[in-house]
Structures are given as structure tokens and as C-alpha cells.
Amino acid sequence: MSATDTSFDRATDPYRVGHGREWLSAGAGRGYVHATGHGEGGPASKRVIVGYGFWIFLLSDIVMFSAFFAAHAVLQTATAGGPSGRELFNWWSIVLQTFLLLVSSFTCGLSAVATEARSQLWTQLALLVTGLLGVGFLALEGRDFAGMVLQGAGPDRSAFLSSLFAVVGLHGLHVSAGLLWLGTMMAQIFVKGFRADILRRMVCFNLFWHALDIIWVALFTIVYLIGLGR
Amino acid sequence: MFGKLTWQAIPWDQPIPLVAGSVVVLIVLAVLAWVVIKGYLPYLWREWITSVDHKRIGVMYTLLGAVMLLRGFIDAIMMRSQQAAAFRAAGYLPPEHYDQIFSAHGTIMIFFAAMPIVIGLMNFAVPLQLGVRDVAFPTLNSTSFWLTATGALLVNISLVIGEFARTGWLVYPPLSGLPYSPGVGVDYYLWALLISGVGTLMTGINFVTTILKIRAPGMSYLRMTIFCWTALAANLLIVAAFPILTATLAMLALDRYLDFHFFTNEAGGNMMMFINLIWAWGHPEVYILVLPAFGIFSEVISTFSGKPLFNYRSMVAATMFICLVSYMVWLHHFFTMGAGGNVNAFFGISTSIIAVGTGVKIYNWLFTMYGGRIRFATPMLWSMGFLVTFVIGGMTGVLLAVPPADFLLHNSLFLVAHFHNVIIGGVLFAAFAGITYWFPKAFGFKLDEGWGKIAFWLSLIGFYVVFMPLYVAGLLGMTRRLQHYDVAAWRPWVLVAGIGIIIMICAAACQVVQFVVSIRRRDELRDETGDPWDGRSLEWATASPPPPFNFAVLPDVRGEEPYWEIKRRAIETQQLSAEPKYEPIEMPRNSPTGFITAFFCTMTGFALIWHIWWMVGLGIVAAYAVFVWFAWRDVTEYSIPAEEVARFDRARRQAREQWLAQHAGQPA
Ligand code: HEM
Ligand SMILES: [Cu+2]
């Protein structure tokens, strides 16, 4: 990961790994040393701070999802005489969606590799493919949703369907937001190049996109696999 | 064009809200006009509205909280006077209005008074105590504040345009569902909290990152002040709990807007799920409020006892213990749900166990005072008032935690007395202690001690006179949220509470007078040393008010009480440490992002409440545009030249040297 930080210079080692306190007691006020493990190393580098904060955000996002998952678990059988998951789910579409999303995670990873190699072309290409896969995923999901609504199995039909549309839709909203971010990111890399702050955002974007994958795995299991068994 | 919004939304036929609303609008307009005419607007914009300085943001949070505290207090006065009048009578507030008042009171007090003050004090003090220059994400911090302000604004708009929820402060369904609450009241509640909740969540992320990743060199975890520890615990709770609130309210919004069935009566909805979810946030929330309060008391008690905190490590352990266990007790808010004896027993026991952690803290504070040379300054008075009051509140809490007892006391005034006992005695007293304690740091002069002490004593007495009778009324079977009643046995207790509120009004007036008098006498009350209370932690090591960069040179921390040690060394050797080498300092630039985002969020929220769909779209597009615009900027920091840093620090050192000369030969 450290290779993504342009300010990291191995020769002079500005972080003074392992030298935290002695170095700082000389009075330099600029901080940005790595913590030595006892938390005495002074302020962490910007890259660490941004990455760490984003991790915390992702955790909070997962907490929000878990509330929706819990609601779905409670309401999964509350079909109120309406259709159940077994009657509604389009198995092939779900498999295809899973496939698209997983591959997009892979290409997203490639974009990180390309960024590390500072290749504008490959970064843009990998991001573009990631975005297209994401669009494909959303299109399939939208088609399934529309089909269900037309069948009279929209979220207003039963509590089960409400919670289904909510938790899957929330994930879809995240993917949509991710796509907006992705587009912005591509434009920024194009215009501003691999600047330190852009690189930090790239790290965050990658984290975000992979997190969506993890959530999808939970969705796949809890909503679809278990739902099919009901 | 304007959705559900028509002229009928303004309560022409209800004199009380109309007059109250008009007065508020007039005051706001007058203040705005005054600001514009005096030419303060550019200054406000530059130095405050767009400021990303954690100290400024902290002050604005606290101010917002204080104003909302007064607003909520007015609701409280109305409720107490209504009940005093409404014995076998209708009183002066019709039921549909009374219901809005108690709902608005709870909502405002928790979300827009207590939370902003607590977050404001954390904003102000945590980076200073950590010995650093700012929080992890300064612009995000400003955005958090403005989103909170958005929420407060929406709630207050409901006073004049439309109505507020009539459901209580936690909008339980099915009452809050569309069939039973068709008006916009619940929608005001939902969007105010959804928007401000995002702001609070971002604060949580910001402070967890700050405390764990940005501390002065040498500041290991076990050298942080207890206030920083409690802030860490509270912000961890925010990160883990506020998303649940957002999710829950989003579900209710889906029920109301898109005909979903999460909590409805029909189609398989499950309203007990709402109660579970909301309290899975709600109980951690009370600790989000009270843990930082414990932190403030720890700082104050140790400072004014002139001793290090007794058993610092057990204090840390108790804090983190409470942080964890506060997650496992939520069901005590609805023992009566009927989950069964075993479940109730589990939650009854886990609830009582929390009191153990709190007990540890109480003893630590007592032992800190024991043998100390106590100075009875205003912050210390609030802290001692807290010690006594909170013990009572904790004990009634443990009483409520016994399920069979709770079946009798649930939803009674006994419960109301309990939580006011802990929230006023804990959080509010801490807010006042913290404000008087850090005020000189923020503004360079102390608050007037005389008025502060009068305010304290009136508040303390007023509190007991209002709430002790409510315990009794609750034991006599009086339930909460009664617009009128006809049981003669309750009458005297309600009247005593009504007298108590008069004492509290006097207390509030004294607080206001305290500020006015102090500001007018600021030259006499000036503190030149930066250390008016003989403090022990790092915020007192810099000037009052601190410069934008807080410390000219990041302090080198070698113990639990870094500033105390620096001070001792200086007094012993009769000199300050050698002048450091000054370097230029990079600071984040101010940014209007937060304010503009909040502007569009207010617009979107208002449009959602009134179903003005084009405006919703506009607001969302604009918010995205702001985001891109912000992400696009190239220069994010500015540099403060070394000479300026040196100039500031030399002035500070000079003041310290004078102080040292006065203290020559004294033992520290
Ligand atoms: C010693 C620790 C505490 C215990 C054992 C405790 C116990 C309880 C119990 C069992 C209830 C539910 C009673 C019912 O609804 O019938 C309750 C309600 C409540 N408590 Fe506590 N509590 C404690 C501390 C606190 C603190 C520190 C705060 C806030 C700072 C607080 C705020 C509240 C609030 C706001 C409610 C109820 C609100 C409502 O129903 O609208 N409690 N407490
Ligand atoms: Cu609780």
C-alpha cells in the first residue's frame, strides 16, 4: 500500500520508522511519523489517516446494512398471502448479477495495480470496465425489480417484499453512488494525474467497491439462498 | 407546484404557535438585520461560517446547543404549567398542541441541545488535549456541524409552517404510520433526524480517526486524558449506533412515502421491530451523551482537587466497559413487550451490571477529591452536584431494570423522573461545568463566578423540586404525557413540580445574566497566562484563545499529565524550556462546502416533507455538484510562516515568564 504514497522516499525514510520519540523531541513540529506500536509516534501520515477514516466509514455503513438485514430476517416469512422468494427469484439473473459484480471487483483491483504502476491508460481502462460491469449489474437488478412490480409483487404487497426491496435497493443505491464516484474519479485522474490526494481517493474508492462486493455476498446468502428455501 | 404546501399550513387559527413563531421569526430577522447593517457579515462568513477550525466549530456547536436548550426549556415550562392547570380542567393547551410540545421537547433536547453541546465541547477540547492542530477531516467537521444545524432548523420551521409530530420523541409506530399521523409532523421529525444523523455519524468517524491516529508525539493511549478516552468511547458508539437510527427512520419513511410495510398493522408489518431497532440505537445514545460528561467531570474534579485522577487506569477500563455493555441492554426499554421471563432476566441483569462500571467511576471521583485541596469554583460545584444527583438517578435506573418493578413503573412519571435525573444531573450539569471550565480557553476571559454560583444553586434546587415529586407521582400511578388528569392524589406533587420550574426559570435567567455580565466585564476577567485554573492537561499549555494552529511546536509528551509536568519543571528551575526552532505550519483552508451542502440539504428536506418533488431533484443534483466542486479544488492548505509562529509563541512565553516570576519560590 505504501507504494501509493508519492511522498514516501525509501532512501531518507521521512517516517523514521521505529524512531518516533527521539526524533520528535528534537522539536520538529511537522508530525507525520508512523506510530511505533505504542501509539507514541505522533500524528500518522495523511494517507494512513484518510484510509483509516474510510475504513471506519465502511464499518458504519455495514452496521446500517445489518439493520436492514435484521429487518429482512424478521420479515422474510411475512408474505401476507403474497408471493414468496421461491416464486419470485430469477435464479439466472441473480447468478449473472453476482458474476458481474465479482468481476467488477477484480477489474477494480486491476485499476489499483495500474495506478501503482502510474499508467494513465490502464487505470482508465480498468475503471471503465469496472463501471460498465456495474452498469450491467444495475440494469439486471432494475429489470428484475420492474418485473416484480409489474407482476403485482412490489414493495407494497407484503412486509417480506418491503424488506427485500429495501435491502437489495440499498445495495443498488450504493452501487449507483459508486458509479458516480467512479466517473468523477476517472475525470480527476485524467485532469490532475496521480497526485497524492487523488491517490488517496483511489484507495478509498477501491475499498468502497470491494465492500459492496462483500455486502453482496451477504445479500446473496441471506436474501436469495435462504429466501429460495422458503 | 408546491406539493402539499398551502397557506393553510400556517396555523392562523392557533394563537399560541402563531405568536410564538412570529416572535422567533422576528428575532431571527432582527439579528440578521443587525449583522448586515453593522457590516459583520463578511467577518462572520470568513471567520465562522466557513471556518474549519475545530475550536470555532466547537463554539458554534455549543452555541447552537445552548439556543436549542432554551427553546426546549420553553416547551418544558409550557408542559409543567399545563399540568399544573389541567386538574379536572382543560388547561390552556389543546391536546393536539400539547402532544406536539412534548414530542418537540424530547427531540430538541436530545438531538439539538444535548448532542450539539457535547459534540461542541469534544470539538473544542479533544485536539487541544491530544496536543495536535486539528481533527482528521476538518472540512467534514464543518459539514457535520451545518447538517446538525439543518436538522435544528427544520424542527423549528415546523413551528410556523405545518406541525410537528404528536407521537413522542421516538415516533413509535403504528401511531407514527400514515393512517394515524397523516400530517407532516412525523415527516419533519424524520427528515430533520435523517439529515442531522448523517452529520453526527461523520463526527463519529472524524473523532475516532482523530483520537486513534492523530496525537502528539509520546501521547500513548494510556497518556490520553479521560475526556479523550470518553470521547473515543462515545464516538465509537456513534459509529456503531447512528447507522441503526438512520436505517430505522429510513424504514419508517419508506412506510410513509412509498407504502412499504415494515411497521404497519397490515400486510405483515412488525411494529415491535421498530421498538427494538430504535432502542438498539437509543440506549447507546444515552451513553454517547453521558460518557463525555463523565470525561468532563474527571477533568474538572482532578483540576480543582489539585490532584491527579485517582486510579486513572480503572477509569479507562470502566469507560470502555460501559461502552461495550451499553450495547447489550436495549431491551430494558420494553420489558413489557412480552419477550418472556428469560429474555427479560438477561436484559435486567445486563442493565444492572452497567451500574458497576458507573460505580467504579463514582468512587474514583470521590477518592480524587479525598485529601485534595478543593477549590469550589463554578465548574467544581456542578461536578459535585452531579455526584450526588447522578447516584440517585442511577439507583432509580437499577430499580427500573428489575423487570417486575418495571411492569409497574414503565411509562409512568417515575420513568420520566429517572431519565431527567440522569440527563440533567449528568449531561446538563457536565455541559455547564465544561462550558465554564473551557470558556476562558476559548475566549481569553473567565465567566463571572458570582452569577455562575447562583445559577448552579438555583439549578440544583430547582431540579430537585421539579423531579423528586415526579418520582412520587409516578409511584402513585401517574403516567407520562398526560394533557389533563383528575386524580386528586397526584395534584400536590404536580403543583410542587410546577413551583420547581419557576426556580429553574430563575436559574436559566442567571445563566444568561452570567454571560452578559462576563462579556461586559471581560477586561477584569481576562486571563493572560492561558492557564486560569491551574490545569493539568495540554489545552492549558497554549495561549487563551489558542492560535489557529494551537501549538507552535507539538508538545513532547512524557507522562499522563504532560502540562502539569512541564509546569512543575518550569517552577522548579524557574525558567521555561529553551526556545524551540520554529517552522512554518500548514493548516487547512477555510471552506464553504459545509454551509452550501447544508443549504441544499435543508432545501431537499423541506421539499421532501411537503412533497415538492422538483425541488427534491434540484437539491440532490446541487448537492452532487457541490461534492464535485469540492473534490476538484487544488489548494487545500495554507502555510503560516515561521516568523508568525515565532511571534505568537514569543508573546506567549513572555506571559508565562511573568507568571513564573510571580510564582517564584512557591511549591507547585
Ligand atoms: C445506572 C445506569 C442506568 C440504568 C440501570 C438505567 C435503566 C433504565 C431503564 C430500565 C429504563 C426503562 C424504563 C422504562 O421505560 O420502563 C430507562 C429509561 C431511560 N433512561 Fe436510563 N438507566 C441508566 C442510566 C441512564 C443514563 C446515564 C441516561 C442518560 C444520560 C439514561 C436515560 C434514559 C432515558 C432517556 C430513558 C427513557 C426514555 C423514554 O422512554 O422515552 N439512563 N433507564
Ligand atoms: Cu436504556
# chains A, B, ... in the order shown; residues from 1 in each chain; ligands from 1

call {"tool": "residues_near_ligand", "arguments": {"ligand": "ligand 2", "cutoff": "12 Å", "atoms": "only C-alpha atoms and all ligand atoms", "output": "PDB file with C-alpha atoms, in the first residue's frame"}}
result
ATOM      1  CA  ASN B 276     -36.214  -2.973  19.049  1.00  0.00           C
ATOM      2  CA  ILE B 278     -34.833   2.319  17.763  1.00  0.00           C
ATOM      3  CA  TRP B 279     -33.636   1.282  21.212  1.00  0.00           C
ATOM      4  CA  ALA B 280     -30.658  -0.573  19.778  1.00  0.00           C
ATOM      5  CA  TRP B 281     -29.659   2.962  18.865  1.00  0.00           C
ATOM      6  CA  GLY B 282     -31.378   4.632  21.803  1.00  0.00           C
ATOM      7  CA  HIS B 283     -29.604   3.058  24.692  1.00  0.00           C
ATOM      8  CA  PRO B 284     -26.112   3.559  23.253  1.00  0.00           C
ATOM      9  CA  GLU B 285     -27.262   7.110  22.596  1.00  0.00           C
ATOM     10  CA  VAL B 286     -27.723   7.846  26.279  1.00  0.00           C
ATOM     11  CA  TYR B 287     -24.130   6.756  26.803  1.00  0.00           C
ATOM     12  CA  ILE B 288     -22.977   8.808  23.842  1.00  0.00           C
ATOM     13  CA  VAL B 290     -23.165  10.721  29.324  1.00  0.00           C
ATOM     14  CA  VAL B 325     -22.131  -3.226  27.711  1.00  0.00           C
ATOM     15  CA  SER B 326     -24.329  -0.290  26.703  1.00  0.00           C
ATOM     16  CA  TYR B 327     -24.948  -2.331  23.584  1.00  0.00           C
ATOM     17  CA  MET B 328     -26.452  -5.252  25.413  1.00  0.00           C
ATOM     18  CA  VAL B 329     -29.210  -3.663  27.419  1.00  0.00           C
ATOM     19  CA  TRP B 330     -31.614  -2.076  24.943  1.00  0.00           C
ATOM     20  CA  LEU B 331     -34.491  -4.345  25.769  1.00  0.00           C
ATOM     21  CA  HIS B 332     -34.941  -2.768  29.208  1.00  0.00           C
ATOM     22  CA  HIS B 333     -36.932  -0.064  27.444  1.00  0.00           C
ATOM     23  CA  PHE B 334     -39.696  -2.514  26.655  1.00  0.00           C
ATOM     24  CA  PHE B 335     -39.728  -5.301  29.201  1.00  0.00           C
ATOM     25  CA  PHE B 347     -31.539  -7.736  29.994  1.00  0.00           C
ATOM     26  CA  GLY B 348     -32.414  -6.881  33.578  1.00  0.00           C
ATOM     27  CA  SER B 350     -27.024  -6.773  31.958  1.00  0.00           C
ATOM     28  CA  THR B 351     -28.608  -3.407  32.727  1.00  0.00           C
ATOM     29  CA  SER B 352     -27.767  -3.625  36.402  1.00  0.00           C
ATOM     30  CA  ILE B 354     -23.674  -1.267  33.778  1.00  0.00           C
ATOM     31  CA  ALA B 355     -24.137   0.369  37.124  1.00  0.00           C
ATOM     32  CA  GLY B 394     -28.500   5.572  38.727  1.00  0.00           C
ATOM     33  CA  GLY B 397     -32.381   3.180  36.948  1.00  0.00           C
ATOM     34  CA  VAL B 398     -31.380  -0.040  38.639  1.00  0.00           C
ATOM     35  CA  LEU B 400     -36.387   0.132  36.693  1.00  0.00           C
ATOM     36  CA  ALA B 401     -34.038  -2.567  35.497  1.00  0.00           C
ATOM     37  CA  LEU B 415     -39.501   6.809  34.479  1.00  0.00           C
ATOM     38  CA  HIS B 418     -35.340   8.760  36.253  1.00  0.00           C
ATOM     39  CA  PHE B 419     -34.118   9.848  32.898  1.00  0.00           C
ATOM     40  CA  VAL B 422     -29.505  11.195  34.819  1.00  0.00           C
ATOM     41  CA  ILE B 423     -29.676  13.508  31.833  1.00  0.00           C
TER      42      ILE B 423
END

call {"tool": "interface_residues", "arguments": {"of": "chain B", "to": "chain A", "cutoff": "6 Å", "atoms": "only C-alpha atoms", "output": "PyMOL selection string"}}
result
chain B and resi 209+213-220+239-240+243-244+247+259-262+267-269+553-554+556

call {"tool": "write_last_selection", "arguments": {"atoms": "C-alpha atoms", "output": "compact mmCIF listing (two decimals), in the first residue's frame"}}
result
# COMPACT_ATOMS: atom_id res chain seq x y z
CA THR B 209 -9.84 8.66 13.47
CA LYS B 213 -4.39 8.35 14.66
CA ILE B 214 -3.51 11.95 15.49
CA ARG B 215 -1.90 12.54 18.85
CA ALA B 216 1.15 14.48 19.91
CA PRO B 217 4.41 12.58 19.93
CA GLY B 218 4.70 10.49 23.05
CA MET B 219 0.94 10.56 23.69
CA SER B 220 0.36 6.85 24.05
CA VAL B 239 -20.20 4.95 14.59
CA ALA B 240 -21.89 1.77 15.70
CA PRO B 243 -26.39 3.96 11.30
CA ILE B 244 -29.09 1.94 13.06
CA ALA B 247 -31.80 2.73 8.89
CA ASP B 259 -46.33 2.36 1.00
CA PHE B 260 -43.82 -0.12 2.38
CA HIS B 261 -44.89 -2.39 5.23
CA PHE B 262 -42.05 -2.53 7.71
CA ALA B 267 -49.52 -6.86 5.22
CA GLY B 268 -47.22 -8.49 7.75
CA GLY B 269 -45.55 -5.41 9.21
CA VAL B 553 5.54 23.23 18.33
CA LEU B 554 3.82 19.95 19.05
CA ASP B 556 6.56 16.26 23.69

call {"tool": "residues_around", "arguments": {"residues": "segment 138-144 of chain A", "least_positions_apart": "2", "cutoff": "9 Å", "atoms": "only C-alpha atoms", "output": "MDAnalysis selection string"}}
result
chainID A and resid 89:90 93:94 96:97 133:136 146:149 168:169 172 175:176

call {"tool": "write_last_selection", "arguments": {"atoms": "C-alpha atoms", "output": "PDB file, in the first residue's frame"}}
result
ATOM      1  CA  PHE A  89     -36.500 -15.002  -7.695  1.00  0.00           C
ATOM      2  CA  ASN A  90     -34.991 -15.268 -11.144  1.00  0.00           C
ATOM      3  CA  SER A  93     -30.367 -13.249 -13.277  1.00  0.00           C
ATOM      4  CA  ILE A  94     -29.052 -13.405  -9.734  1.00  0.00           C
ATOM      5  CA  LEU A  96     -25.330 -13.251 -13.574  1.00  0.00           C
ATOM      6  CA  GLN A  97     -25.521 -10.219 -11.270  1.00  0.00           C
ATOM      7  CA  LEU A 133     -19.864  -4.058 -15.290  1.00  0.00           C
ATOM      8  CA  GLY A 134     -21.519  -2.024 -12.561  1.00  0.00           C
ATOM      9  CA  VAL A 135     -23.985  -0.569 -15.050  1.00  0.00           C
ATOM     10  CA  GLY A 136     -24.737  -4.065 -16.307  1.00  0.00           C
ATOM     11  CA  ALA A 146     -39.509  -3.841 -12.640  1.00  0.00           C
ATOM     12  CA  GLY A 147     -40.667  -7.346 -13.474  1.00  0.00           C
ATOM     13  CA  MET A 148     -41.702  -7.959  -9.890  1.00  0.00           C
ATOM     14  CA  VAL A 149     -43.574  -4.690  -9.635  1.00  0.00           C
ATOM     15  CA  VAL A 168     -31.406  -5.011  -2.180  1.00  0.00           C
ATOM     16  CA  GLY A 169     -32.291  -1.485  -3.268  1.00  0.00           C
ATOM     17  CA  GLY A 172     -28.177  -0.869  -5.589  1.00  0.00           C
ATOM     18  CA  VAL A 175     -23.580   0.843  -6.484  1.00  0.00           C
ATOM     19  CA  SER A 176     -25.140   3.851  -8.199  1.00  0.00           C
TER      20      SER A 176
END

call {"tool": "residues_around", "arguments": {"residues": "Tyr563 of chain B", "least_positions_apart": "4", "cutoff": "6 Å", "atoms": "only C-alpha atoms", "output": "PyMOL selection string"}}
result
chain B and resi 536-538

call {"tool": "atom_distance", "arguments": {"atom1": "atom CA of Tyr437 of chain B", "atom2": "atom CA of Ile585 of chain B"}}
result
28.5 Å

call {"tool": "select_by_dssp", "arguments": {"residues": "segment 123-217 of chain B", "states": "helix (DSSP H, G or I)", "output": "JSON, numbers by chain"}}
result
{"B": [123, 124, 125, 126, 127, 128, 129, 130, 138, 139, 140, 141, 142, 143, 144, 145, 146, 147, 148, 149, 150, 151, 152, 153, 154, 155, 156, 157, 158, 159, 160, 185, 186, 187, 188, 189, 190, 191, 192, 193, 194, 195, 196, 197, 198, 199, 200, 201, 202, 203, 204, 205, 206, 207, 208, 209, 210, 211, 212, 213]}

call {"tool": "atom_distance", "arguments": {"atom1": "atom CA of His420 of chain B", "atom2": "atom CA of Met478 of chain B"}}
result
16.3 Å

call {"tool": "closest_residue", "arguments": {"among": "A:Leu164, A:Ser105, A:Thr123, A:Leu110", "to": "Phe220 of chain A", "atoms": "only C-alpha atoms"}}
result
A:Leu164

call {"tool": "residues_around", "arguments": {"residues": "Thr378 of chain B", "least_positions_apart": "5", "cutoff": "7 Å", "atoms": "only C-alpha atoms", "output": "PyMOL selection string"}}
result
chain B and resi 449+452-453

call {"tool": "atom_distance", "arguments": {"atom1": "atom CA of Pro492 of chain B", "atom2": "atom CA of Tyr464 of chain B"}}
result
15.3 Å
